[in-house]
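Remarks on the structure that follows.
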Amino acid sequence: MSTPIDSIRNFSIVAHIDHGKSTLADRLIQQTGTLAEREMVEQVLDSMDIERERGITIKAQTVRLEYRASDGKLYVLNLMDTPGHVDFAYEVSRSLAACEGSLLVVDASQGVEAQTLANVYHALDAGHEIVPVLNKIDLPAAEPDRIKQQIEDVIGLDASNAVLISAKTGLGIEEVLEAIVTRLPPPKGDREAPLKALLVDSWYDAYLGVVVLVRIIDGTLKKHQKIQMLGAGAHYEVDRIGVFRPKMQDVAELGPGEVGFITAQIKQVADTRVGDTITDEKRPCTEALPGFKPAQPVVFCGLFPVDAADFDDLRAAMGKLRLNDASFSYEMESSAALGFGFRCGFLGLLHLEIIQERLEREFNLDLIATAPSVVYRIVLRSGETIELHNPADMPDPTLIEAIEEPWIRATILTPDDYLGAVLKLCQERRGLQVDLSYVGKRAMATYDLPLNEVVFDFYDRLKSISKGYASFDYNITDYRAGDLVKMQILVNAEPVDALSMLVHRDRADMRGRAMVEKLKELIPPHMFQIPIQAAIGGKIIARETVRALRKDVTAKCYGGDATRKRKLLEKQKAGKKKMRQFGKVEIPQEAFIAALKMDS
Amino acid sequence: MAAFPETAFSTFSSARGDLPQTGEPRTAGFGIYLHWPFCLSKCPYCDFNSHVRSQPVEEERFLAAFRKELAHRAALTPGRTVSSVFFGGGTPSLMRAQTVAALIETIARYWPLAADVEITLEANPTSVEAERFKDYRAAGVNRVSLGVQALNDEALRALGRQHSAQEALRAVGLAAETFDRYSFDLIYGRPGQTLAEWRGELEEALRHVRDHLSLYQLTIEPDTPFAKLASSGQFSLPEADFGRALWDLTQDIMGVAGLPAYEVSNHARPGGESRHNLVYWRYGEYAGVGPGAHGRLLTPEGRMAQAAIRQPDLWLAAVEARGEGLTENVVLTREEQGDEFLLMGLRLAEGVAPEHFRAIAGRDLSQKRIDALLGDGMLECTPEGRIRVSAEGFPVLDAVIADLAA
């Protein structure tokens, strides 16, 4: 028998990174006795190493808590943990759609941050009831009254009855649980209606195959039930049904308002559509749920194996990652500079970084990533519009009518002291100011910016000029025509495809100069001098020269000992194998890696 | 062993002054190198296997051990004729002449000596050692190589040498009186040395040269006192541009003097080349005997790389226990042989024959790389089809070799 609907509360936690979301989740799990003390690890819901290390949540997780409230009744609380970062906004919105309420967790000394804003608006859009929670009130710097005021000013939420907690010490956790029960609404649903369930998420498990996370809206879902996916049109029989506590635990059925998982002999994640409606095969519901927009990759880059022999391993690794992350896309690409690799699409820069790191770490691959680029729309004179994922594929300029690039609306919160530097950065990056206001002592700047300028080390620069205090969030708004040109890098007069990029004409000089200066340091001297140039069309905009080797000869070769010299030569030969040949110039892999690094 | 005809003899039996033609390894000569690992003091630039003893060296015991090792190498090289012997070190001129005589006799007992066998002994140009030159000649030595290093007393002190410039020139004079053939070494590119100073020193040296002179540009070898000074910034070598200018000046002066470089750092009048060193550079066969000595021998299994234990007492103990002191004795792969062939052969002005490389390495040199290096003027082709490094290429030889070998 499933849980009575009045005893269910489905909620998520909205917070900025570092404000204590995962620690609060840990405390809730502990306090309700869901896991025994000995089973607890920190950030229980962040199962990937990379999530724990970076203190971020990438993949939404869910856990069912049972809580006996002060009214004496036993409640089932489903926590849907969500990622905080903008790159994973699509994960956030699907989790929010499966809940009725949210805890808004704000650090009681730091206050509202840009990501908090973005996510709380998502929660409000989803019709959530929101309980503000001020965390870290045990710290000396905590100013709960000021932060309450800030929440009211900036978000427009009543924060007068915010719950004051310290997730670290466990202070106020009971109050949070009570607030969930008393202040968040129970779900609505009809047990007798035909089955209607939301496919919240799905992933591939090495032992179980595809696991589907569902939220029941109406009706019930049982083992062996024959179901159909309305959108995908596929039919399955439920193998296993259960809930996460946070380990998998089988149950007999799931009723309205409940959250749980099923497995059903589904072969691959791609066979499931997040947001799809699951219903009974024989007695289907009449109306499908609205579903979600599929996540669109917005940042692209090439990933190449450092050792060409690893190409097949890279292909296999990408296939495996894609099983669990349908938002990551790839297609084969070949580069004169870097050999065979893949052009990959990501939801944002963090997503890119994480995929790259997982490939390197979990699959033991050494990778070179080319400079990230955005998706340009090229309007051809023929009237046709094409999407450009790779600057190397740019059509002949004479065929191009216009180039459009994606723009974002960015929200930046920064302490007043750094505002000048932040505004200057935004201006430099072709930003257009939309709004500038104050939130207590902090300034909130809203800018429209070309995404192209943001993928090029914007976030690192922002962090560095604000000593880490500024926070940043964005969403893609539209495409706008821009005076964009393809900048090529020529080494000894040979274009190096992996280094070409689309830049705004006004920014080309600066970017070109930075690139050739860097390459000058990275390309070892040869027996001849090597000009390094940045060019737009036929016009050279920056030039440096790597001087020729003047002297490189072993004076004394101690007669008989050829071994030592040979070992050196073998090293040099091995090094050369890892170099890429451009005309007569050999460029070490490290030079590409360093030249393409974003934090230039 | 029929596979190794006595061509080594015939190669070197041509009239003195004729530079023999390079051929297969076994026709490039067969040399014996003996390493005497002791010095009175250690020079701060030197990374050779040399040891300073506070107690007198047990010369008799070492002699016995050298003889055992010679017997061991002789068993591996039946049928060879010795074209050269080289006593190196360390400071072999610290050996008593009778020890040198005994070693030469031992060699002659195991192998036939070529009629014009070259027997070189390295010596320090101190007056004490110079007094022994006659005895060394009587022992069978017919060539000395003197570590003069500089003709400037301040520089000699900085280099840690035990002799003065005047003393060194007297030793050179004595060598000239005693031996038909002699050579000496100079080190240039010393800190603070100007082009004019080097020109003066080199011109002074040339007044004392007969047919051979070695000119080494100073390098800092790891784990030497100079390396320590360099890492603490108390000492630095000339910048590449100045090093190049010194190099160019050296080539000019020596060319005009009629002693062009036949190897990177070795200059000779035609016919005056060190035959022993040519064995190395032409990738011939050589047996290395003594602590830390290296050898390359053709055996039925292939070309062996041999290296002996470096520490003299450990080497001695090993030889006394088992008859040889080798710590490395491996068959080289063909690619390794090809690498060594290029490393050695391209140091010579005569260059290498591509078909010789193919015979050794079992593959051809990359024509693409040859063409690129020819195009850049780093390599030249001789009318006989040999490849050699150009005058422009020599100062960057290491880069040329790395390119060609890849």
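Chain labels run A, B, ... following the order of the structure tokens; each chain numbers its residues from 1, and ligands are numbered from 1 in the order shown.
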Could the residues of chain A within 9 Å of chain B, counting only C-alpha atoms, be given as a ChimeraX atom specification, please? /A:526-528,549-563,565-566,569-570,572-574,576-577,584
Excluding same-chain residues fewer than 3 positions from A:Ala288, what lies within 10 Å of it counting only C-alpha atoms, as an mmCIF file with all heavy atoms, in the first residue's frame?
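The result, written out as selection_7.cif:
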data_model
loop_
_atom_site.group_PDB
_atom_site.id
_atom_site.type_symbol
_atom_site.label_atom_id
_atom_site.label_comp_id
_atom_site.auth_asym_id
_atom_site.auth_seq_id
_atom_site.Cartn_x
_atom_site.Cartn_y
_atom_site.Cartn_z
ATOM 1 N N LYS A 196 -0.652 8.274 -14.294
ATOM 2 C CA LYS A 196 0.049 9.367 -14.982
ATOM 3 C C LYS A 196 1.274 9.676 -14.131
ATOM 4 O O LYS A 196 1.140 10.070 -12.981
ATOM 5 C CB LYS A 196 -0.853 10.589 -15.097
ATOM 6 C CG LYS A 196 -0.219 11.754 -15.859
ATOM 7 C CD LYS A 196 -0.970 13.061 -15.648
ATOM 8 C CE LYS A 196 -1.979 13.312 -16.771
ATOM 9 N NZ LYS A 196 -2.595 14.661 -16.645
ATOM 10 N N ALA A 197 2.462 9.442 -14.696
ATOM 11 C CA ALA A 197 3.693 9.665 -13.929
ATOM 12 C C ALA A 197 4.682 10.437 -14.792
ATOM 13 O O ALA A 197 4.708 10.292 -16.011
ATOM 14 C CB ALA A 197 4.303 8.333 -13.492
ATOM 15 N N LEU A 198 5.476 11.253 -14.103
ATOM 16 C CA LEU A 198 6.477 12.070 -14.784
ATOM 17 C C LEU A 198 7.818 11.332 -14.787
ATOM 18 O O LEU A 198 8.273 10.865 -13.742
ATOM 19 C CB LEU A 198 6.624 13.408 -14.048
ATOM 20 C CG LEU A 198 7.740 14.352 -14.519
ATOM 21 C CD1 LEU A 198 7.459 14.854 -15.931
ATOM 22 C CD2 LEU A 198 7.868 15.539 -13.558
ATOM 23 N N MET A 229 5.360 4.698 -22.556
ATOM 24 C CA MET A 229 5.886 6.055 -22.503
ATOM 25 C C MET A 229 5.158 6.809 -23.614
ATOM 26 O O MET A 229 5.316 6.473 -24.795
ATOM 27 C CB MET A 229 7.391 6.069 -22.796
ATOM 28 C CG MET A 229 8.187 5.026 -22.026
ATOM 29 S SD MET A 229 8.676 5.665 -20.439
ATOM 30 C CE MET A 229 9.917 4.484 -19.952
ATOM 31 N N LEU A 230 4.393 7.812 -23.229
ATOM 32 C CA LEU A 230 3.553 8.464 -24.232
ATOM 33 C C LEU A 230 4.374 9.145 -25.330
ATOM 34 O O LEU A 230 4.058 9.026 -26.512
ATOM 35 C CB LEU A 230 2.641 9.507 -23.563
ATOM 36 C CG LEU A 230 1.367 8.952 -22.915
ATOM 37 C CD1 LEU A 230 0.515 10.088 -22.351
ATOM 38 C CD2 LEU A 230 0.551 8.125 -23.909
ATOM 39 N N GLY A 231 5.400 9.842 -24.951
ATOM 40 C CA GLY A 231 6.180 10.578 -25.946
ATOM 41 C C GLY A 231 7.001 9.660 -26.820
ATOM 42 O O GLY A 231 6.968 9.754 -28.045
ATOM 43 N N GLY A 275 11.005 14.032 -18.840
ATOM 44 C CA GLY A 275 9.791 14.849 -18.993
ATOM 45 C C GLY A 275 8.658 14.095 -19.654
ATOM 46 O O GLY A 275 7.526 14.581 -19.735
ATOM 47 N N ASP A 276 8.962 12.889 -20.108
ATOM 48 C CA ASP A 276 7.931 12.082 -20.769
ATOM 49 C C ASP A 276 6.868 11.663 -19.742
ATOM 50 O O ASP A 276 7.099 11.709 -18.529
ATOM 51 C CB ASP A 276 8.585 10.836 -21.387
ATOM 52 C CG ASP A 276 7.774 10.286 -22.561
ATOM 53 O OD1 ASP A 276 6.602 10.706 -22.706
ATOM 54 O OD2 ASP A 276 8.311 9.449 -23.305
ATOM 55 N N THR A 277 5.700 11.268 -20.238
ATOM 56 C CA THR A 277 4.616 10.820 -19.376
ATOM 57 C C THR A 277 4.542 9.299 -19.431
ATOM 58 O O THR A 277 4.505 8.716 -20.519
ATOM 59 C CB THR A 277 3.279 11.407 -19.850
ATOM 60 O OG1 THR A 277 3.445 12.826 -19.948
ATOM 61 C CG2 THR A 277 2.152 11.078 -18.900
ATOM 62 N N ILE A 278 4.549 8.689 -18.245
ATOM 63 C CA ILE A 278 4.443 7.231 -18.179
ATOM 64 C C ILE A 278 3.004 6.896 -17.780
ATOM 65 O O ILE A 278 2.458 7.487 -16.837
ATOM 66 C CB ILE A 278 5.423 6.661 -17.137
ATOM 67 C CG1 ILE A 278 6.870 6.999 -17.534
ATOM 68 C CG2 ILE A 278 5.231 5.154 -16.975
ATOM 69 C CD1 ILE A 278 7.907 6.665 -16.476
ATOM 70 N N THR A 279 2.405 5.983 -18.499
ATOM 71 C CA THR A 279 1.018 5.638 -18.176
ATOM 72 C C THR A 279 0.818 4.136 -18.336
ATOM 73 O O THR A 279 1.724 3.419 -18.758
ATOM 74 C CB THR A 279 0.043 6.442 -19.065
ATOM 75 O OG1 THR A 279 -1.297 6.224 -18.605
ATOM 76 C CG2 THR A 279 0.150 6.046 -20.510
ATOM 77 N N PRO A 284 -4.659 4.001 -20.494
ATOM 78 C CA PRO A 284 -3.805 5.175 -20.518
ATOM 79 C C PRO A 284 -4.534 6.447 -20.074
ATOM 80 O O PRO A 284 -5.753 6.519 -20.184
ATOM 81 C CB PRO A 284 -3.378 5.285 -21.982
ATOM 82 C CG PRO A 284 -4.448 4.578 -22.742
ATOM 83 C CD PRO A 284 -5.106 3.581 -21.836
ATOM 84 N N CYS A 285 -3.750 7.399 -19.604
ATOM 85 C CA CYS A 285 -4.328 8.699 -19.281
ATOM 86 C C CYS A 285 -4.592 9.436 -20.589
ATOM 87 O O CYS A 285 -4.002 9.134 -21.621
ATOM 88 C CB CYS A 285 -3.418 9.482 -18.365
ATOM 89 S SG CYS A 285 -1.793 9.801 -19.073
ATOM 90 N N GLY A 291 5.968 18.212 -20.209
ATOM 91 C CA GLY A 291 7.336 17.825 -20.573
ATOM 92 C C GLY A 291 8.328 18.972 -20.464
ATOM 93 O O GLY A 291 7.990 20.071 -20.024
#
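Residues of stretch 275-360 of chain B that DSSP places in strand (DSSP E or B), based on the backbone of this structure, are Glu285, Tyr286, Ala287, Gly288, Val289, His294, Gly295, Arg296, Leu297, Leu298, Thr299, Gly302, Arg303, Met304, Ala305, Gln306, Ala307, Ala308, Leu326, Thr327, Glu328, Asn329, Val330, Val331, Leu348 and Val352 of chain B.
Of the residues in stretch 236-386 of chain A, those given alpha helix (DSSP H) by DSSP on the backbone are A:Phe311, A:Asp312, A:Asp313, A:Leu314, A:Arg315, A:Ala316, A:Ala317, A:Met318, A:Gly319, A:Lys320, A:Leu321, A:Arg322, A:Leu323, A:Asn324, A:Leu349, A:Leu350, A:His351, A:Leu352, A:Glu353, A:Ile354, A:Ile355, A:Gln356, A:Glu357, A:Arg358, A:Leu359, A:Glu360, A:Arg361, A:Glu362.
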Selection from above, N, CA, C and O atoms, as a tab-separated table (two decimals), in the first residue's frame, can you write it?
chain	number	residue	atom	x	y	z
A	311	PHE	N	42.71	6.89	-29.40
A	311	PHE	CA	41.47	7.37	-30.00
A	311	PHE	C	40.29	6.42	-29.75
A	311	PHE	O	39.20	6.85	-29.37
A	312	ASP	N	40.52	5.12	-29.94
A	312	ASP	CA	39.42	4.17	-29.75
A	312	ASP	C	38.95	4.13	-28.30
A	312	ASP	O	37.76	4.01	-28.03
A	313	ASP	N	39.91	4.27	-27.38
A	313	ASP	CA	39.55	4.31	-25.96
A	313	ASP	C	38.70	5.55	-25.67
A	313	ASP	O	37.75	5.50	-24.90
A	314	LEU	N	39.08	6.65	-26.31
A	314	LEU	CA	38.32	7.88	-26.10
A	314	LEU	C	36.91	7.72	-26.62
A	314	LEU	O	35.94	8.11	-25.96
A	315	ARG	N	36.77	7.11	-27.79
A	315	ARG	CA	35.45	6.92	-28.35
A	315	ARG	C	34.59	6.07	-27.39
A	315	ARG	O	33.44	6.39	-27.11
A	316	ALA	N	35.19	5.00	-26.88
A	316	ALA	CA	34.45	4.12	-25.97
A	316	ALA	C	34.06	4.87	-24.69
A	316	ALA	O	32.94	4.75	-24.19
A	317	ALA	N	35.00	5.67	-24.18
A	317	ALA	CA	34.73	6.40	-22.94
A	317	ALA	C	33.61	7.41	-23.14
A	317	ALA	O	32.73	7.55	-22.28
A	318	MET	N	33.61	8.08	-24.28
A	318	MET	CA	32.55	9.05	-24.54
A	318	MET	C	31.20	8.37	-24.62
A	318	MET	O	30.20	8.87	-24.12
A	319	GLY	N	31.20	7.20	-25.26
A	319	GLY	CA	29.95	6.44	-25.35
A	319	GLY	C	29.42	6.12	-23.96
A	319	GLY	O	28.22	6.26	-23.69
A	320	LYS	N	30.32	5.73	-23.07
A	320	LYS	CA	29.89	5.37	-21.71
A	320	LYS	C	29.37	6.60	-20.96
A	320	LYS	O	28.35	6.52	-20.27
A	321	LEU	N	30.06	7.71	-21.07
A	321	LEU	CA	29.61	8.91	-20.37
A	321	LEU	C	28.26	9.37	-20.90
A	321	LEU	O	27.39	9.81	-20.16
A	322	ARG	N	28.10	9.25	-22.19
A	322	ARG	CA	26.87	9.70	-22.83
A	322	ARG	C	25.67	8.86	-22.35
A	322	ARG	O	24.55	9.36	-22.29
A	323	LEU	N	25.95	7.60	-21.98
A	323	LEU	CA	24.88	6.76	-21.45
A	323	LEU	C	24.18	7.45	-20.29
A	323	LEU	O	22.98	7.30	-20.08
A	324	ASN	N	24.95	8.18	-19.50
A	324	ASN	CA	24.40	8.80	-18.31
A	324	ASN	C	24.18	10.28	-18.44
A	324	ASN	O	23.70	10.92	-17.52
A	349	LEU	N	30.56	25.91	-19.52
A	349	LEU	CA	31.99	25.67	-19.28
A	349	LEU	C	32.26	24.68	-18.16
A	349	LEU	O	33.18	23.89	-18.23
A	350	LEU	N	31.43	24.73	-17.11
A	350	LEU	CA	31.65	23.79	-16.01
A	350	LEU	C	31.38	22.37	-16.50
A	350	LEU	O	32.11	21.44	-16.19
A	351	HIS	N	30.33	22.24	-17.29
A	351	HIS	CA	29.99	20.94	-17.85
A	351	HIS	C	31.17	20.41	-18.68
A	351	HIS	O	31.57	19.26	-18.55
A	352	LEU	N	31.74	21.28	-19.49
A	352	LEU	CA	32.91	20.93	-20.31
A	352	LEU	C	34.05	20.43	-19.42
A	352	LEU	O	34.64	19.38	-19.64
A	353	GLU	N	34.31	21.23	-18.40
A	353	GLU	CA	35.42	20.89	-17.52
A	353	GLU	C	35.19	19.55	-16.82
A	353	GLU	O	36.11	18.75	-16.67
A	354	ILE	N	33.95	19.34	-16.42
A	354	ILE	CA	33.64	18.11	-15.69
A	354	ILE	C	33.75	16.90	-16.60
A	354	ILE	O	34.31	15.87	-16.23
A	355	ILE	N	33.23	17.01	-17.81
A	355	ILE	CA	33.32	15.88	-18.74
A	355	ILE	C	34.79	15.56	-19.03
A	355	ILE	O	35.22	14.41	-19.00
A	356	GLN	N	35.55	16.62	-19.26
A	356	GLN	CA	36.96	16.41	-19.56
A	356	GLN	C	37.65	15.72	-18.38
A	356	GLN	O	38.42	14.78	-18.55
A	357	GLU	N	37.34	16.20	-17.19
A	357	GLU	CA	37.97	15.63	-16.01
A	357	GLU	C	37.55	14.18	-15.79
A	357	GLU	O	38.35	13.34	-15.43
A	358	ARG	N	36.27	13.91	-16.05
A	358	ARG	CA	35.81	12.52	-15.86
A	358	ARG	C	36.47	11.60	-16.89
A	358	ARG	O	36.83	10.47	-16.57
A	359	LEU	N	36.61	12.08	-18.11
A	359	LEU	CA	37.27	11.26	-19.14
A	359	LEU	C	38.70	10.96	-18.72
A	359	LEU	O	39.19	9.85	-18.87
A	360	GLU	N	39.37	11.97	-18.18
A	360	GLU	CA	40.77	11.79	-17.81
A	360	GLU	C	40.89	10.90	-16.58
A	360	GLU	O	41.77	10.06	-16.50
A	361	ARG	N	39.97	11.11	-15.66
A	361	ARG	CA	40.10	10.43	-14.38
A	361	ARG	C	39.51	9.02	-14.42
A	361	ARG	O	40.16	8.06	-14.07
A	362	GLU	N	38.28	8.93	-14.88
A	362	GLU	CA	37.62	7.63	-14.82
A	362	GLU	C	38.07	6.70	-15.93
A	362	GLU	O	37.95	5.49	-15.82
Quick one: residues within 12 Å of A:Val374, only C-alpha atoms, excluding same-chain residues fewer than 3 positions away - as a PyMOL selection string? chain A and resi 296-302+343-349+371+377+387-391+404-408+450-456+476+479+501-503
Just the selected residues (N, CA, C and O atoms), exported as a short mmCIF file (atom, residue, chain, number, x, y, z; two decimals), in the first residue's frame, please.
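Wrote out-v2.cif, looks like this:
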data_model
loop_
_atom_site.label_atom_id
_atom_site.label_comp_id
_atom_site.auth_asym_id
_atom_site.auth_seq_id
_atom_site.Cartn_x
_atom_site.Cartn_y
_atom_site.Cartn_z
N GLN A 296 20.03 22.00 -24.59
CA GLN A 296 20.79 22.27 -25.81
C GLN A 296 22.24 22.59 -25.47
O GLN A 296 22.49 23.43 -24.62
N PRO A 297 23.16 21.93 -26.14
CA PRO A 297 24.55 22.31 -25.90
C PRO A 297 24.81 23.73 -26.39
O PRO A 297 24.30 24.13 -27.43
N VAL A 298 25.55 24.50 -25.61
CA VAL A 298 25.82 25.88 -26.00
C VAL A 298 27.31 26.16 -26.18
O VAL A 298 27.69 27.13 -26.80
N VAL A 299 28.14 25.31 -25.63
CA VAL A 299 29.58 25.50 -25.77
C VAL A 299 30.16 24.25 -26.44
O VAL A 299 29.78 23.14 -26.10
N PHE A 300 31.03 24.48 -27.39
CA PHE A 300 31.64 23.36 -28.09
C PHE A 300 33.15 23.43 -27.99
O PHE A 300 33.72 24.50 -27.95
N CYS A 301 33.77 22.28 -27.95
CA CYS A 301 35.22 22.27 -28.11
C CYS A 301 35.64 20.92 -28.65
O CYS A 301 34.87 19.97 -28.62
N GLY A 302 36.83 20.87 -29.17
CA GLY A 302 37.37 19.61 -29.65
C GLY A 302 38.12 18.92 -28.53
O GLY A 302 38.81 19.57 -27.77
N ARG A 343 34.42 16.54 -31.76
CA ARG A 343 33.84 17.85 -31.49
C ARG A 343 32.72 17.61 -30.50
O ARG A 343 31.80 16.84 -30.78
N CYS A 344 32.78 18.23 -29.35
CA CYS A 344 31.82 17.92 -28.30
C CYS A 344 31.01 19.14 -27.92
O CYS A 344 31.52 20.27 -27.92
N GLY A 345 29.76 18.90 -27.60
CA GLY A 345 28.87 19.98 -27.18
C GLY A 345 28.57 19.85 -25.70
O GLY A 345 28.36 18.75 -25.18
N PHE A 346 28.55 21.00 -25.01
CA PHE A 346 28.33 21.01 -23.56
C PHE A 346 27.30 22.05 -23.19
O PHE A 346 27.05 22.99 -23.94
N LEU A 347 26.75 21.89 -21.99
CA LEU A 347 25.76 22.84 -21.50
C LEU A 347 26.41 24.14 -21.05
O LEU A 347 25.75 25.16 -20.88
N GLY A 348 27.69 24.12 -20.81
CA GLY A 348 28.39 25.32 -20.36
C GLY A 348 29.82 24.94 -20.05
O GLY A 348 30.24 23.80 -20.25
N LEU A 349 30.56 25.91 -19.52
CA LEU A 349 31.99 25.67 -19.28
C LEU A 349 32.26 24.68 -18.16
O LEU A 349 33.18 23.89 -18.23
N ALA A 371 40.23 25.45 -27.86
CA ALA A 371 39.56 26.61 -27.26
C ALA A 371 38.05 26.44 -27.41
O ALA A 371 37.56 26.07 -28.47
N ARG A 377 25.57 31.27 -35.86
CA ARG A 377 24.67 31.09 -37.00
C ARG A 377 25.22 31.90 -38.15
O ARG A 377 25.42 33.09 -38.04
N GLU A 387 24.51 26.37 -38.88
CA GLU A 387 25.08 26.48 -37.54
C GLU A 387 26.54 26.07 -37.60
O GLU A 387 26.87 25.03 -38.15
N LEU A 388 27.39 26.88 -37.01
CA LEU A 388 28.82 26.60 -37.06
C LEU A 388 29.28 26.20 -35.67
O LEU A 388 29.22 26.98 -34.72
N HIS A 389 29.75 24.96 -35.55
CA HIS A 389 30.22 24.46 -34.25
C HIS A 389 31.73 24.54 -34.13
O HIS A 389 32.27 24.35 -33.06
N ASN A 390 32.38 24.72 -35.25
CA ASN A 390 33.84 24.64 -35.27
C ASN A 390 34.38 25.72 -36.19
O ASN A 390 34.09 25.73 -37.38
N PRO A 391 35.18 26.64 -35.65
CA PRO A 391 35.69 27.74 -36.47
C PRO A 391 36.42 27.25 -37.73
O PRO A 391 36.44 27.93 -38.74
N GLU A 404 25.83 35.51 -36.85
CA GLU A 404 25.13 35.82 -35.60
C GLU A 404 25.72 34.99 -34.48
O GLU A 404 26.12 33.85 -34.69
N GLU A 405 25.76 35.59 -33.30
CA GLU A 405 26.33 34.87 -32.17
C GLU A 405 25.35 34.89 -31.00
O GLU A 405 24.52 35.80 -30.90
N PRO A 406 25.42 33.90 -30.14
CA PRO A 406 24.51 33.85 -29.00
C PRO A 406 24.86 34.90 -27.96
O PRO A 406 26.03 35.15 -27.70
N TRP A 407 23.84 35.52 -27.40
CA TRP A 407 24.02 36.48 -26.31
C TRP A 407 23.38 35.93 -25.05
O TRP A 407 22.43 35.14 -25.11
N ILE A 408 23.91 36.37 -23.94
CA ILE A 408 23.36 35.93 -22.66
C ILE A 408 22.94 37.16 -21.86
O ILE A 408 23.39 38.27 -22.13
N PRO A 450 27.95 38.87 -25.16
CA PRO A 450 28.09 37.78 -26.12
C PRO A 450 28.68 36.55 -25.40
O PRO A 450 29.67 36.69 -24.68
N LEU A 451 28.08 35.41 -25.61
CA LEU A 451 28.56 34.19 -24.92
C LEU A 451 30.02 33.89 -25.30
O LEU A 451 30.80 33.41 -24.49
N ASN A 452 30.35 34.21 -26.53
CA ASN A 452 31.71 34.04 -27.03
C ASN A 452 32.75 34.67 -26.10
O ASN A 452 33.83 34.14 -25.89
N GLU A 453 32.40 35.83 -25.54
CA GLU A 453 33.34 36.54 -24.67
C GLU A 453 33.36 35.92 -23.28
O GLU A 453 34.30 36.12 -22.52
N VAL A 454 32.30 35.20 -22.96
CA VAL A 454 32.21 34.61 -21.63
C VAL A 454 32.96 33.29 -21.58
O VAL A 454 33.61 32.97 -20.59
N VAL A 455 32.91 32.55 -22.69
CA VAL A 455 33.61 31.26 -22.67
C VAL A 455 35.12 31.48 -22.64
O VAL A 455 35.86 30.60 -22.27
N PHE A 456 35.56 32.66 -23.06
CA PHE A 456 36.99 32.93 -23.03
C PHE A 456 37.35 33.53 -21.68
O PHE A 456 37.32 34.73 -21.50
N ILE A 476 20.92 32.06 -21.68
CA ILE A 476 21.04 32.46 -23.08
C ILE A 476 19.76 33.16 -23.49
O ILE A 476 18.66 32.68 -23.19
N TYR A 479 20.12 35.43 -30.41
CA TYR A 479 21.24 35.53 -31.34
C TYR A 479 21.24 36.94 -31.92
O TYR A 479 20.18 37.47 -32.27
N MET A 501 40.07 30.84 -34.45
CA MET A 501 38.90 31.15 -33.65
C MET A 501 38.12 32.30 -34.28
O MET A 501 38.68 33.08 -35.06
N LEU A 502 36.84 32.36 -33.95
CA LEU A 502 36.05 33.50 -34.37
C LEU A 502 36.11 34.54 -33.27
O LEU A 502 35.87 34.24 -32.10
N VAL A 503 36.42 35.77 -33.64
CA VAL A 503 36.48 36.84 -32.65
C VAL A 503 35.80 38.07 -33.21
O VAL A 503 35.65 38.22 -34.42
#
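For the choices A:Ser466, A:Thr34, A:Ser70, A:Thr370, the atom-to-atom distance to A:Gln589 is smallest for A:Thr370 when using only C-alpha atoms.
Using only C-alpha atoms, the contacts of stretch 157-174 of chain B at a cut-off of 7 Å, with sequence neighbours closer than 3 positions omitted, comprise Cys43, Pro44, Pro125, Thr126, Ser127, Ala130, Val148, Ala150, Leu151, Asn152, Asp153, Glu154, Glu177 and Thr178 of chain B.
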May I ask for the distance between atom CA of A:Ile180 and atom CA of A:Glu152, given in Å to one decimal place? 20.3 Å
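Residue neighbourhood of B:Glu59, excluding near-sequence residues (fewer than 2 positions): Val57, Arg61, Phe62, Leu63, Met95 and Thr99 of chain B, at 8 Å, using only C-alpha atoms.
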Keeping only N, CA, C and O atoms, write the selected residues to a file as a CSV table (one decimal), in the first residue's frame.
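Everything below was put into part.csv:
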chain,number,residue,atom,x,y,z
B,57,VAL,N,97.5,3.6,-4.6
B,57,VAL,CA,96.7,2.6,-5.3
B,57,VAL,C,97.5,1.3,-5.4
B,57,VAL,O,98.7,1.3,-5.7
B,61,ARG,N,97.5,-5.1,-8.0
B,61,ARG,CA,96.2,-5.8,-8.0
B,61,ARG,C,95.4,-5.4,-9.2
B,61,ARG,O,94.7,-6.2,-9.8
B,62,PHE,N,95.4,-4.1,-9.5
B,62,PHE,CA,94.7,-3.6,-10.6
B,62,PHE,C,95.2,-4.1,-11.9
B,62,PHE,O,94.4,-4.5,-12.8
B,63,LEU,N,96.5,-4.2,-12.0
B,63,LEU,CA,97.1,-4.8,-13.2
B,63,LEU,C,96.6,-6.2,-13.4
B,63,LEU,O,96.2,-6.6,-14.5
B,95,MET,N,100.1,5.8,-13.9
B,95,MET,CA,100.5,4.4,-13.9
B,95,MET,C,102.0,4.4,-14.1
B,95,MET,O,102.6,5.2,-14.9
B,99,THR,N,103.7,-1.0,-15.6
B,99,THR,CA,102.3,-1.5,-15.7
B,99,THR,C,101.8,-1.3,-17.1
B,99,THR,O,101.1,-2.2,-17.6
